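Undergrad: What follows is coords_24.pdb; its format and atoms are PDB, C-alpha atoms.
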```
ATOM      1  CA  MET A 943     -79.289 116.137-184.723  1.00  0.00           C
ATOM      2  CA  THR A 944     -81.507 119.086-185.638  1.00  0.00           C
ATOM      3  CA  VAL A 945     -84.591 116.888-185.895  1.00  0.00           C
ATOM      4  CA  ARG A 946     -83.885 115.092-182.593  1.00  0.00           C
ATOM      5  CA  ILE A 947     -83.387 118.343-180.697  1.00  0.00           C
ATOM      6  CA  LEU A 948     -86.521 119.899-182.166  1.00  0.00           C
ATOM      7  CA  GLU A 949     -88.556 116.788-181.334  1.00  0.00           C
ATOM      8  CA  ARG A 950     -87.429 116.997-177.701  1.00  0.00           C
ATOM      9  CA  TRP A 951     -88.323 120.692-177.586  1.00  0.00           C
ATOM     10  CA  LYS A 952     -91.765 119.986-179.030  1.00  0.00           C
ATOM     11  CA  ARG A 953     -92.455 117.239-176.473  1.00  0.00           C
ATOM     12  CA  VAL A 954     -91.713 119.632-173.620  1.00  0.00           C
ATOM     13  CA  HIS A 955     -93.269 122.852-174.953  1.00  0.00           C
ATOM     14  CA  ASN A 956     -95.954 121.444-177.278  1.00  0.00           C
ATOM     15  CA  ALA A 957     -94.672 123.810-179.970  1.00  0.00           C
ATOM     16  CA  LEU A 958     -91.593 124.433-182.095  1.00  0.00           C
ATOM     17  CA  PRO A 959     -89.265 127.379-181.362  1.00  0.00           C
ATOM     18  CA  LYS A 960     -89.867 130.521-183.395  1.00  0.00           C
ATOM     19  CA  THR A 961     -86.260 131.705-183.163  1.00  0.00           C
ATOM     20  CA  ILE A 962     -83.086 129.587-183.138  1.00  0.00           C
ATOM     21  CA  ILE A 963     -79.574 130.863-182.370  1.00  0.00           C
ATOM     22  CA  TYR A 964     -76.919 128.452-183.625  1.00  0.00           C
ATOM     23  CA  TYR A 965     -73.547 128.910-181.912  1.00  0.00           C
ATOM     24  CA  ARG A 966     -70.588 127.313-183.676  1.00  0.00           C
ATOM     25  CA  ASP A 967     -67.058 126.804-182.364  1.00  0.00           C
ATOM     26  CA  GLY A 968     -63.827 125.646-183.989  1.00  0.00           C
ATOM     27  CA  VAL A 969     -64.313 127.430-187.332  1.00  0.00           C
ATOM     28  CA  SER A 970     -61.544 129.376-189.041  1.00  0.00           C
ATOM     29  CA  ASP A 971     -62.136 132.309-191.371  1.00  0.00           C
ATOM     30  CA  GLY A 972     -61.636 130.071-194.405  1.00  0.00           C
ATOM     31  CA  GLN A 973     -64.456 127.765-193.263  1.00  0.00           C
ATOM     32  CA  PHE A 974     -67.157 130.432-193.018  1.00  0.00           C
ATOM     33  CA  VAL A 975     -68.383 129.566-196.511  1.00  0.00           C
ATOM     34  CA  ASN A 976     -68.825 125.923-195.474  1.00  0.00           C
ATOM     35  CA  VAL A 977     -70.968 126.975-192.511  1.00  0.00           C
ATOM     36  CA  LEU A 978     -73.101 129.226-194.713  1.00  0.00           C
ATOM     37  CA  THR A 979     -73.626 126.541-197.342  1.00  0.00           C
ATOM     38  CA  ARG A 980     -73.447 122.982-196.050  1.00  0.00           C
ATOM     39  CA  GLU A 981     -74.445 123.528-192.411  1.00  0.00           C
ATOM     40  CA  LEU A 982     -77.098 126.139-193.184  1.00  0.00           C
ATOM     41  CA  ASN A 983     -78.636 123.829-195.787  1.00  0.00           C
ATOM     42  CA  LEU A 984     -78.602 120.906-193.331  1.00  0.00           C
ATOM     43  CA  LEU A 985     -80.327 123.025-190.694  1.00  0.00           C
ATOM     44  CA  GLU A 986     -83.020 124.106-193.143  1.00  0.00           C
ATOM     45  CA  HIS A 987     -83.433 120.484-194.269  1.00  0.00           C
ATOM     46  CA  GLY A 988     -84.011 119.498-190.636  1.00  0.00           C
ATOM     47  CA  PHE A 989     -86.621 122.254-190.278  1.00  0.00           C
ATOM     48  CA  LYS A 990     -88.515 120.952-193.316  1.00  0.00           C
ATOM     49  CA  GLN A 991     -88.454 117.421-191.897  1.00  0.00           C
ATOM     50  CA  MET A 992     -90.358 118.703-188.882  1.00  0.00           C
ATOM     51  CA  SER A 993     -92.946 120.455-191.029  1.00  0.00           C
ATOM     52  CA  ALA A 994     -93.146 121.681-194.598  1.00  0.00           C
ATOM     53  CA  THR A 995     -94.215 125.112-193.322  1.00  0.00           C
ATOM     54  CA  TYR A 996     -91.766 125.348-190.414  1.00  0.00           C
ATOM     55  CA  ASN A 997     -89.375 128.258-191.014  1.00  0.00           C
ATOM     56  CA  PRO A 998     -87.874 129.617-187.781  1.00  0.00           C
ATOM     57  CA  GLN A 999     -85.918 132.855-187.523  1.00  0.00           C
ATOM     58  CA  LEU A1000     -82.321 131.647-187.592  1.00  0.00           C
ATOM     59  CA  VAL A1001     -79.133 133.270-186.329  1.00  0.00           C
ATOM     60  CA  ILE A1002     -75.696 131.691-186.893  1.00  0.00           C
ATOM     61  CA  ILE A1003     -72.840 132.916-184.688  1.00  0.00           C
ATOM     62  CA  VAL A1004     -69.277 131.565-184.814  1.00  0.00           C
ATOM     63  CA  GLY A1005     -66.979 132.050-181.807  1.00  0.00           C
ATOM     64  CA  GLN A1006     -63.183 132.067-182.151  1.00  0.00           C
ATOM     65  CA  LYS A1007     -60.684 131.932-179.271  1.00  0.00           C
ATOM     66  CA  ARG A1008     -57.484 131.423-181.261  1.00  0.00           C
ATOM     67  CA  HIS A1009     -56.445 134.934-182.181  1.00  0.00           C
ATOM     68  CA  GLN A1010     -53.907 137.527-181.039  1.00  0.00           C
ATOM     69  CA  THR A1011     -56.258 140.357-180.011  1.00  0.00           C
ATOM     70  CA  ARG A1012     -56.086 141.401-176.352  1.00  0.00           C
ATOM     71  CA  LEU A1013     -57.934 144.104-174.444  1.00  0.00           C
ATOM     72  CA  TRP A1014     -56.824 145.980-171.329  1.00  0.00           C
ATOM     73  CA  MET A1015     -57.660 149.136-169.405  1.00  0.00           C
ATOM     74  CA  GLU A1016     -55.610 152.105-170.577  1.00  0.00           C
ATOM     75  CA  GLN A1017     -55.391 153.650-167.107  1.00  0.00           C
ATOM     76  CA  GLY A1018     -54.311 150.370-165.491  1.00  0.00           C
ATOM     77  CA  ALA A1019     -51.738 149.773-168.208  1.00  0.00           C
ATOM     78  CA  GLU A1020     -50.191 153.219-167.641  1.00  0.00           C
ATOM     79  CA  LYS A1021     -49.790 152.500-163.945  1.00  0.00           C
ATOM     80  CA  GLY A1022     -48.103 149.219-164.651  1.00  0.00           C
ATOM     81  CA  GLY A1023     -51.028 147.121-163.406  1.00  0.00           C
ATOM     82  CA  GLY A1024     -50.660 143.905-161.466  1.00  0.00           C
ATOM     83  CA  LYS A1025     -48.813 144.092-158.165  1.00  0.00           C
ATOM     84  CA  GLY A1026     -49.236 147.149-155.994  1.00  0.00           C
ATOM     85  CA  LYS A1027     -47.395 148.341-152.882  1.00  0.00           C
ATOM     86  CA  ASP A1028     -48.666 149.190-149.451  1.00  0.00           C
ATOM     87  CA  ASP A1029     -47.727 152.283-147.448  1.00  0.00           C
ATOM     88  CA  LYS A1030     -44.585 150.563-146.136  1.00  0.00           C
ATOM     89  CA  GLY A1031     -43.208 149.980-149.585  1.00  0.00           C
ATOM     90  CA  LYS A1032     -43.752 146.239-149.505  1.00  0.00           C
ATOM     91  CA  GLY A1033     -45.522 144.410-152.275  1.00  0.00           C
ATOM     92  CA  LYS A1034     -49.076 143.319-151.544  1.00  0.00           C
ATOM     93  CA  ASP A1035     -48.157 139.827-152.650  1.00  0.00           C
ATOM     94  CA  ASP A1036     -45.576 139.479-149.850  1.00  0.00           C
ATOM     95  CA  LYS A1037     -48.177 138.028-147.492  1.00  0.00           C
ATOM     96  CA  GLY A1038     -47.583 134.489-148.691  1.00  0.00           C
ATOM     97  CA  LYS A1039     -48.217 132.222-151.617  1.00  0.00           C
ATOM     98  CA  GLY A1040     -51.672 132.660-153.044  1.00  0.00           C
ATOM     99  CA  LYS A1041     -52.598 135.388-150.524  1.00  0.00           C
ATOM    100  CA  GLY A1042     -53.037 139.091-150.833  1.00  0.00           C
ATOM    101  CA  LYS A1043     -53.346 139.129-154.616  1.00  0.00           C
ATOM    102  CA  GLY A1044     -55.253 142.192-155.684  1.00  0.00           C
ATOM    103  CA  LYS A1045     -57.213 142.633-158.863  1.00  0.00           C
ATOM    104  CA  ASP A1046     -55.048 143.666-161.790  1.00  0.00           C
ATOM    105  CA  PRO A1047     -56.198 147.203-162.725  1.00  0.00           C
ATOM    106  CA  ALA A1048     -55.252 146.521-166.342  1.00  0.00           C
ATOM    107  CA  GLN A1049     -57.867 143.763-166.644  1.00  0.00           C
ATOM    108  CA  VAL A1050     -61.094 144.690-168.393  1.00  0.00           C
ATOM    109  CA  PRO A1051     -64.254 143.772-166.459  1.00  0.00           C
ATOM    110  CA  PRO A1052     -66.534 140.926-167.607  1.00  0.00           C
ATOM    111  CA  GLY A1053     -68.977 142.074-170.241  1.00  0.00           C
ATOM    112  CA  THR A1054     -66.511 144.308-172.077  1.00  0.00           C
ATOM    113  CA  VAL A1055     -67.312 144.480-175.794  1.00  0.00           C
ATOM    114  CA  ALA A1056     -65.099 145.905-178.525  1.00  0.00           C
ATOM    115  CA  SER A1057     -66.039 146.210-182.168  1.00  0.00           C
ATOM    116  CA  ASP A1058     -65.302 149.681-183.491  1.00  0.00           C
ATOM    117  CA  ALA A1059     -61.938 150.009-185.258  1.00  0.00           C
ATOM    118  CA  ILE A1060     -60.690 146.465-184.480  1.00  0.00           C
ATOM    119  CA  ALA A1061     -63.498 144.230-185.801  1.00  0.00           C
ATOM    120  CA  GLN A1062     -63.457 142.974-189.368  1.00  0.00           C
ATOM    121  CA  PRO A1063     -65.275 145.410-191.698  1.00  0.00           C
ATOM    122  CA  SER A1064     -66.723 142.727-193.997  1.00  0.00           C
ATOM    123  CA  HIS A1065     -69.501 141.476-191.702  1.00  0.00           C
ATOM    124  CA  MET A1066     -71.076 141.867-188.250  1.00  0.00           C
ATOM    125  CA  ASN A1067     -68.579 140.757-185.593  1.00  0.00           C
ATOM    126  CA  PHE A1068     -67.409 141.751-182.122  1.00  0.00           C
ATOM    127  CA  PHE A1069     -64.952 140.860-179.355  1.00  0.00           C
ATOM    128  CA  LEU A1070     -66.410 139.971-175.954  1.00  0.00           C
ATOM    129  CA  VAL A1071     -64.566 139.439-172.674  1.00  0.00           C
ATOM    130  CA  SER A1072     -67.156 137.520-170.673  1.00  0.00           C
ATOM    131  CA  GLN A1073     -64.915 135.971-167.997  1.00  0.00           C
ATOM    132  CA  GLN A1074     -63.325 137.517-164.923  1.00  0.00           C
ATOM    133  CA  GLY A1075     -59.595 137.982-165.483  1.00  0.00           C
ATOM    134  CA  ILE A1076     -57.663 136.235-162.713  1.00  0.00           C
ATOM    135  CA  GLU A1077     -54.087 136.226-163.954  1.00  0.00           C
ATOM    136  CA  GLY A1078     -52.464 137.480-167.129  1.00  0.00           C
ATOM    137  CA  THR A1079     -54.438 139.180-169.879  1.00  0.00           C
ATOM    138  CA  SER A1080     -57.977 137.997-170.556  1.00  0.00           C
ATOM    139  CA  VAL A1081     -58.516 136.484-173.996  1.00  0.00           C
ATOM    140  CA  PRO A1082     -61.702 137.824-175.622  1.00  0.00           C
ATOM    141  CA  CYS A1083     -63.846 135.592-177.769  1.00  0.00           C
ATOM    142  CA  HIS A1084     -64.263 136.874-181.322  1.00  0.00           C
ATOM    143  CA  TYR A1085     -67.860 136.332-182.422  1.00  0.00           C
ATOM    144  CA  HIS A1086     -68.857 136.439-186.089  1.00  0.00           C
ATOM    145  CA  VAL A1087     -72.548 136.811-186.969  1.00  0.00           C
ATOM    146  CA  LEU A1088     -72.649 134.911-190.259  1.00  0.00           C
ATOM    147  CA  HIS A1089     -76.424 134.768-190.669  1.00  0.00           C
ATOM    148  CA  LEU A1090     -79.173 136.956-189.249  1.00  0.00           C
ATOM    149  CA  ASP A1091     -82.731 136.375-190.425  1.00  0.00           C
ATOM    150  CA  LYS A1092     -84.225 139.360-192.230  1.00  0.00           C
ATOM    151  CA  ARG A1093     -87.357 139.128-190.095  1.00  0.00           C
ATOM    152  CA  LEU A1094     -85.260 139.799-186.997  1.00  0.00           C
ATOM    153  CA  ILE A1095     -83.603 142.768-188.686  1.00  0.00           C
ATOM    154  CA  LYS A1096     -87.039 144.216-189.477  1.00  0.00           C
ATOM    155  CA  ARG A1097     -87.948 143.846-185.787  1.00  0.00           C
ATOM    156  CA  GLY A1098     -84.930 145.957-184.881  1.00  0.00           C
ATOM    157  CA  ILE A1099     -82.702 143.135-183.616  1.00  0.00           C
ATOM    158  CA  GLY A1100     -79.093 144.215-184.056  1.00  0.00           C
ATOM    159  CA  VAL A1101     -75.571 143.601-182.846  1.00  0.00           C
ATOM    160  CA  ASP A1102     -76.269 145.102-179.389  1.00  0.00           C
ATOM    161  CA  ASP A1103     -78.976 142.506-178.752  1.00  0.00           C
ATOM    162  CA  LEU A1104     -76.741 139.640-179.911  1.00  0.00           C
ATOM    163  CA  GLU A1105     -73.898 140.869-177.707  1.00  0.00           C
ATOM    164  CA  ASN A1106     -76.245 140.995-174.708  1.00  0.00           C
ATOM    165  CA  ILE A1107     -77.706 137.525-175.360  1.00  0.00           C
ATOM    166  CA  THR A1108     -74.236 136.030-175.846  1.00  0.00           C
ATOM    167  CA  PHE A1109     -72.971 137.530-172.590  1.00  0.00           C
ATOM    168  CA  GLN A1110     -76.023 136.228-170.712  1.00  0.00           C
ATOM    169  CA  LEU A1111     -75.440 132.739-172.115  1.00  0.00           C
ATOM    170  CA  CYS A1112     -71.901 132.833-170.711  1.00  0.00           C
ATOM    171  CA  HIS A1113     -73.501 132.767-167.219  1.00  0.00           C
ATOM    172  CA  MET A1114     -75.401 129.516-167.851  1.00  0.00           C
ATOM    173  CA  TYR A1115     -72.445 127.101-167.706  1.00  0.00           C
ATOM    174  CA  SER A1116     -73.416 124.706-164.909  1.00  0.00           C
ATOM    175  CA  ARG A1117     -69.858 123.690-163.995  1.00  0.00           C
ATOM    176  CA  ALA A1118     -68.824 127.177-162.918  1.00  0.00           C
ATOM    177  CA  ASP A1119     -70.337 129.735-160.556  1.00  0.00           C
ATOM    178  CA  LYS A1120     -69.018 132.604-162.711  1.00  0.00           C
ATOM    179  CA  SER A1121     -69.329 133.601-166.320  1.00  0.00           C
ATOM    180  CA  VAL A1122     -67.120 131.607-168.705  1.00  0.00           C
ATOM    181  CA  GLY A1123     -64.996 132.578-171.675  1.00  0.00           C
ATOM    182  CA  TYR A1124     -67.496 131.833-174.431  1.00  0.00           C
ATOM    183  CA  ALA A1125     -71.159 130.996-174.954  1.00  0.00           C
ATOM    184  CA  THR A1126     -72.380 127.961-172.996  1.00  0.00           C
ATOM    185  CA  PRO A1127     -73.957 126.155-176.005  1.00  0.00           C
ATOM    186  CA  ALA A1128     -70.545 126.013-177.711  1.00  0.00           C
ATOM    187  CA  TYR A1129     -68.900 125.040-174.414  1.00  0.00           C
ATOM    188  CA  MET A1130     -71.251 122.087-173.924  1.00  0.00           C
ATOM    189  CA  ALA A1131     -70.821 121.063-177.573  1.00  0.00           C
ATOM    190  CA  ASP A1132     -67.079 120.766-176.887  1.00  0.00           C
ATOM    191  CA  HIS A1133     -67.799 118.345-174.041  1.00  0.00           C
ATOM    192  CA  ALA A1134     -70.168 116.334-176.238  1.00  0.00           C
ATOM    193  CA  CYS A1135     -67.500 116.056-178.944  1.00  0.00           C
ATOM    194  CA  GLU A1136     -64.887 114.906-176.445  1.00  0.00           C
ATOM    195  CA  ARG A1137     -67.244 112.227-175.147  1.00  0.00           C
ATOM    196  CA  GLY A1138     -68.185 111.164-178.665  1.00  0.00           C
ATOM    197  CA  ARG A1139     -64.499 110.766-179.490  1.00  0.00           C
ATOM    198  CA  CYS A1140     -64.160 108.251-176.639  1.00  0.00           C
ATOM    199  CA  TYR A1141     -66.917 106.094-178.141  1.00  0.00           C
ATOM    200  CA  LEU A1142     -65.435 106.314-181.633  1.00  0.00           C
ATOM    201  CA  GLU A1143     -61.958 105.410-180.401  1.00  0.00           C
ATOM    202  CA  ALA A1144     -63.396 102.341-178.677  1.00  0.00           C
ATOM    203  CA  VAL A1145     -64.631 101.059-182.065  1.00  0.00           C
ATOM    204  CA  TYR A1146     -62.197 102.497-184.614  1.00  0.00           C
ATOM    205  CA  GLY A1147     -59.071 102.838-182.465  1.00  0.00           C
ATOM    206  CA  ALA A1148     -57.222 105.909-181.271  1.00  0.00           C
ATOM    207  CA  SER A1149     -55.314 106.588-184.492  1.00  0.00           C
ATOM    208  CA  ASP A1150     -55.886 109.901-186.188  1.00  0.00           C
ATOM    209  CA  ILE A1151     -57.798 109.811-189.476  1.00  0.00           C
ATOM    210  CA  GLN A1152     -54.994 111.666-191.237  1.00  0.00           C
ATOM    211  CA  SER A1153     -52.415 109.089-190.124  1.00  0.00           C
ATOM    212  CA  THR A1154     -54.242 106.374-192.079  1.00  0.00           C
ATOM    213  CA  MET A1155     -53.722 108.159-195.387  1.00  0.00           C
ATOM    214  CA  GLY A1156     -50.670 107.655-197.568  1.00  0.00           C
ATOM    215  CA  SER A1157     -48.255 110.536-197.980  1.00  0.00           C
ATOM    216  CA  SER A1158     -48.261 110.128-201.749  1.00  0.00           C
ATOM    217  CA  SER A1159     -51.980 110.807-202.083  1.00  0.00           C
ATOM    218  CA  SER A1160     -53.078 114.083-203.618  1.00  0.00           C
ATOM    219  CA  GLU A1161     -54.709 116.753-201.489  1.00  0.00           C
ATOM    220  CA  GLU A1162     -58.066 116.194-203.217  1.00  0.00           C
ATOM    221  CA  ARG A1163     -57.897 112.440-202.589  1.00  0.00           C
ATOM    222  CA  LYS A1164     -56.932 112.978-198.944  1.00  0.00           C
ATOM    223  CA  GLU A1165     -59.839 115.335-198.417  1.00  0.00           C
ATOM    224  CA  GLU A1166     -62.274 112.912-200.055  1.00  0.00           C
ATOM    225  CA  ASP A1167     -60.995 109.948-197.993  1.00  0.00           C
ATOM    226  CA  MET A1168     -61.158 112.013-194.819  1.00  0.00           C
ATOM    227  CA  ARG A1169     -64.746 113.033-195.531  1.00  0.00           C
ATOM    228  CA  LYS A1170     -65.748 109.395-196.158  1.00  0.00           C
ATOM    229  CA  GLN A1171     -64.205 108.223-192.883  1.00  0.00           C
ATOM    230  CA  ILE A1172     -65.848 111.034-190.939  1.00  0.00           C
ATOM    231  CA  GLU A1173     -69.232 110.273-192.517  1.00  0.00           C
ATOM    232  CA  GLU A1174     -68.813 106.570-191.706  1.00  0.00           C
ATOM    233  CA  ARG A1175     -68.039 107.230-188.066  1.00  0.00           C
ATOM    234  CA  THR A1176     -70.705 109.845-187.469  1.00  0.00           C
ATOM    235  CA  THR A1177     -73.308 107.668-189.211  1.00  0.00           C
ATOM    236  CA  TRP A1178     -72.400 104.727-186.976  1.00  0.00           C
ATOM    237  CA  LEU A1179     -72.631 106.889-183.852  1.00  0.00           C
ATOM    238  CA  ASN A1180     -75.993 108.397-184.814  1.00  0.00           C
ATOM    239  CA  ASN A1181     -77.479 105.018-185.796  1.00  0.00           C
ATOM    240  CA  VAL A1182     -76.554 103.468-182.456  1.00  0.00           C
ATOM    241  CA  VAL A1183     -78.249 106.312-180.600  1.00  0.00           C
ATOM    242  CA  MET A1184     -81.358 106.246-182.791  1.00  0.00           C
ATOM    243  CA  ARG A1185     -81.829 102.495-182.368  1.00  0.00           C
ATOM    244  CA  SER A1186     -81.616 102.318-178.612  1.00  0.00           C
ATOM    245  CA  GLY A1187     -81.615 105.767-177.061  1.00  0.00           C
ATOM    246  CA  THR A1188     -78.495 104.683-175.172  1.00  0.00           C
ATOM    247  CA  LEU A1189     -74.917 104.399-176.273  1.00  0.00           C
ATOM    248  CA  LYS A1190     -72.784 101.611-174.806  1.00  0.00           C
ATOM    249  CA  VAL A1191     -69.381 100.654-176.174  1.00  0.00           C
ATOM    250  CA  ASN A1192     -66.784  98.601-174.294  1.00  0.00           C
ATOM    251  CA  GLY A1193     -68.040  99.582-170.868  1.00  0.00           C
ATOM    252  CA  LEU A1194     -68.792 103.222-171.720  1.00  0.00           C
ATOM    253  CA  GLN A1195     -72.471 104.057-171.440  1.00  0.00           C
ATOM    254  CA  SER A1196     -74.462 107.208-171.945  1.00  0.00           C
ATOM    255  CA  TYR A1197     -78.193 107.859-172.074  1.00  0.00           C
ATOM    256  CA  CYS A1198     -78.978 110.056-175.054  1.00  0.00           C
TER     257      CYS A1198
END
```
Rewrite the coordinates I just gave you, this time as structure tokens.
TA:
Amino acid sequence: MTVRILERWKRVHNALPKTIIYYRDGVSDGQFVNVLTRELNLLEHGFKQMSATYNPQLVIIVGQKRHQTRLWMEQGAEKGGGKGKDDKGKGKDDKGKGKGKGKDPAQVPPGTVASDAIAQPSHMNFFLVSQQGIEGTSVPCHYHVLHLDKRLIKRGIGVDDLENITFQLCHMYSRADKSVGYATPAYMADHACERGRCYLEAVYGASDIQSTMGSSSSEERKEEDMRKQIEERTTWLNNVVMRSGTLKVNGLQSYC
């Protein structure tokens, strides 16, 4: 995938990118090592396939949405937030269903960043609320900067710049006219994975990989079998795309 994306970039810009920011979603804390070993090595292998001297400045950022951290305005929380009352003592929401709802004063505005005191001390990370809170408490995305090229550090690129870039990317999601909850590259990757699953299910069936493994198998054997099945399916999917440039399975078609 790295080679194909870089080839497309080169055809359009007649040059390879000097800096690459790799956003990753769906990674737990225990999988950070896998990203920094296997995926980082695969990325660098793809760079070398483009050119033996190609060595872009690489940044790897992992975004997590499944956590229990929430942010709110202290002043709005003290006032109770949410529903207010007019001068007649009636609630502002009494005007009818879906009408008259005011902004919850406890909601933090889009672009709110929190890192001091609540971020993990082991590496560069931050919480970012990039979406407009409509109802309930906004869930921030927890971003972990797992790799930052030393050349960027020497140029003075730090966490403030990465926070700003990430927030700007949250405004580039084409399906919404507002900023979304996490960086658009990871958002679009989710859609690509969902679509890829449809093609794989058309060939291999809808059963989960784990359901095909016996309960008596050891954890090591299960992990090895799972890896083999994943490699088989992803290899099939990539080969179909590379051969034709289009993917068509049982009536589903996509131009890649």
Undergrad: What is the distance between CA of Thr1176 in chain A and CA of Cys1140 in chain A, in Å to one decimal?
TA: 12.8 Å
Undergrad: In terms of the shortest atom-to-atom distance over only C-alpha atoms, which of A:Arg950, A:Met1184, A:Leu1088, A:Lys960 is closest to Gln973 in chain A?
TA: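 Of the candidates, the smallest distance to Gln973 in chain A is held by A:Leu1088.
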Undergrad: Extract, using all atoms listed in the file, all DNA, RNA and protein residues at most 12 Å from Glu1174 in chain A, discarding same-chain residues fewer than 4 positions from it, and format them as a CSV table (one decimal) with C-alpha atoms, in the frame of the given file.
TA:
```csv
chain,number,residue,atom,x,y,z
A,1142,LEU,CA,-65.4,106.3,-181.6
A,1145,VAL,CA,-64.6,101.1,-182.1
A,1146,TYR,CA,-62.2,102.5,-184.6
A,1151,ILE,CA,-57.8,109.8,-189.5
A,1167,ASP,CA,-61.0,109.9,-198.0
A,1168,MET,CA,-61.2,112.0,-194.8
A,1169,ARG,CA,-64.7,113.0,-195.5
A,1170,LYS,CA,-65.7,109.4,-196.2
A,1178,TRP,CA,-72.4,104.7,-187.0
A,1179,LEU,CA,-72.6,106.9,-183.9
A,1180,ASN,CA,-76.0,108.4,-184.8
A,1181,ASN,CA,-77.5,105.0,-185.8
```
Undergrad: Just give me the gap between CA of Phe1069 in chain A and CA of Lys1092 in chain A in Å, one decimal is fine.
TA: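 Separation of CA of Phe1069 in chain A and CA of Lys1092 in chain A: 23.2 Å.
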Undergrad: Could you check how far CA of Ala1059 in chain A sits from CA of Val1001 in chain A, in Å to one decimal?
TA: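 Value for the CA of Ala1059 in chain A-CA of Val1001 in chain A distance: 24.0 Å.
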Undergrad: Residues near range 989-999 of chain A, anyone? I mean within 12 Å using only C-alpha atoms, not counting same-chain ones fewer than 5 positions away, as a PyMOL selection string.
TA: chain A and resi 943-952+957-964+982-984+1089-1097+1099
Undergrad: Could you list, as an MDAnalysis selection string, every residue matched by the PyMOL selection byres ((chain A and resi 1054) around 6) in this structure?
TA: chainID A and resid 1052:1053 1055 1070:1071
Undergrad: Using all atoms listed in the file, which residues sit within 8 Å of Ser1072 in chain A once same-chain residues fewer than 4 positions away are excluded, as a list in words?
TA: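 Listed by chain and then number, they are Pro1052, Gly1053, Thr1054, Pro1082, Phe1109, Cys1112, Ser1121, Val1122, Gly1123 and Tyr1124 of chain A.
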Undergrad: If you count all atoms listed in the file, which residues fall within 12 Å of Gln1062 in chain A, apart from same-chain ones fewer than 4 positions away, as a list in words?
TA: Asp971, Ala1056, Ser1057, Asp1058, Met1066, Asn1067, Phe1068, Phe1069, His1084, Tyr1085, His1086 and Val1087 of chain A
Undergrad: I need the residue nearest Leu1111 in chain A from this list: A:Ile1172, A:Val1081, A:Gly1098, A:Ala1128. Use all atoms listed in the file for the distance.
TA: A:Ala1128
Undergrad: Using the chain letters and numbers from the file, which residues does the PyMOL selection byres ((chain A and resi 1014) around 9) grab, as a list of chain:residue names?
TA: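 Selected by the PyMOL selection byres ((chain A and resi 1014) around 9) here: A:Arg1012, A:Leu1013, A:Met1015, A:Glu1016, A:Gln1017, A:Gly1018, A:Ala1019, A:Pro1047, A:Ala1048, A:Gln1049, A:Val1050, A:Thr1079, A:Ser1080.
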Undergrad: Choose the residue, out of A:Val977, A:Gly1138, A:Pro1127, A:Glu1162, that has the smallest atom-to-atom separation from Met1114 in chain A; count only C-alpha atoms.
TA: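 Between A:Val977, A:Gly1138, A:Pro1127, A:Glu1162, the residue approaching Met1114 in chain A most closely is A:Pro1127.
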Undergrad: Could I get range 1125-1136 of chain A from the block written out with N, CA and C atoms, as a tab-separated table (two decimals), in the first residue's frame?
TA:
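Written output follows (decode.tsv):
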```tsv
chain	number	residue	atom	x	y	z
A	1125	ALA	N	-8.90	12.57	13.30
A	1125	ALA	CA	-8.25	12.99	12.06
A	1125	ALA	C	-8.85	12.29	10.85
A	1126	THR	N	-9.07	13.05	9.78
A	1126	THR	CA	-9.72	12.54	8.57
A	1126	THR	C	-9.00	11.34	7.95
A	1127	PRO	N	-7.65	11.29	7.90
A	1127	PRO	CA	-7.02	10.10	7.32
A	1127	PRO	C	-7.44	8.80	8.02
A	1128	ALA	N	-7.52	8.82	9.34
A	1128	ALA	CA	-7.97	7.63	10.07
A	1128	ALA	C	-9.45	7.36	9.83
A	1129	TYR	N	-10.24	8.42	9.70
A	1129	TYR	CA	-11.67	8.28	9.42
A	1129	TYR	C	-11.89	7.58	8.08
A	1130	MET	N	-11.17	8.04	7.04
A	1130	MET	CA	-11.33	7.44	5.72
A	1130	MET	C	-10.78	6.02	5.68
A	1131	ALA	N	-9.74	5.74	6.47
A	1131	ALA	CA	-9.23	4.37	6.55
A	1131	ALA	C	-10.27	3.43	7.12
A	1132	ASP	N	-11.07	3.91	8.07
A	1132	ASP	CA	-12.17	3.10	8.62
A	1132	ASP	C	-13.15	2.72	7.52
A	1133	HIS	N	-13.50	3.69	6.67
A	1133	HIS	CA	-14.43	3.41	5.58
A	1133	HIS	C	-13.83	2.41	4.59
A	1134	ALA	N	-12.53	2.56	4.31
A	1134	ALA	CA	-11.88	1.63	3.39
A	1134	ALA	C	-11.88	0.21	3.95
A	1135	CYS	N	-11.66	0.09	5.26
A	1135	CYS	CA	-11.67	-1.25	5.89
A	1135	CYS	C	-13.06	-1.87	5.84
A	1136	GLU	N	-14.08	-1.06	6.08
A	1136	GLU	CA	-15.45	-1.58	6.03
A	1136	GLU	C	-15.78	-2.07	4.63
```
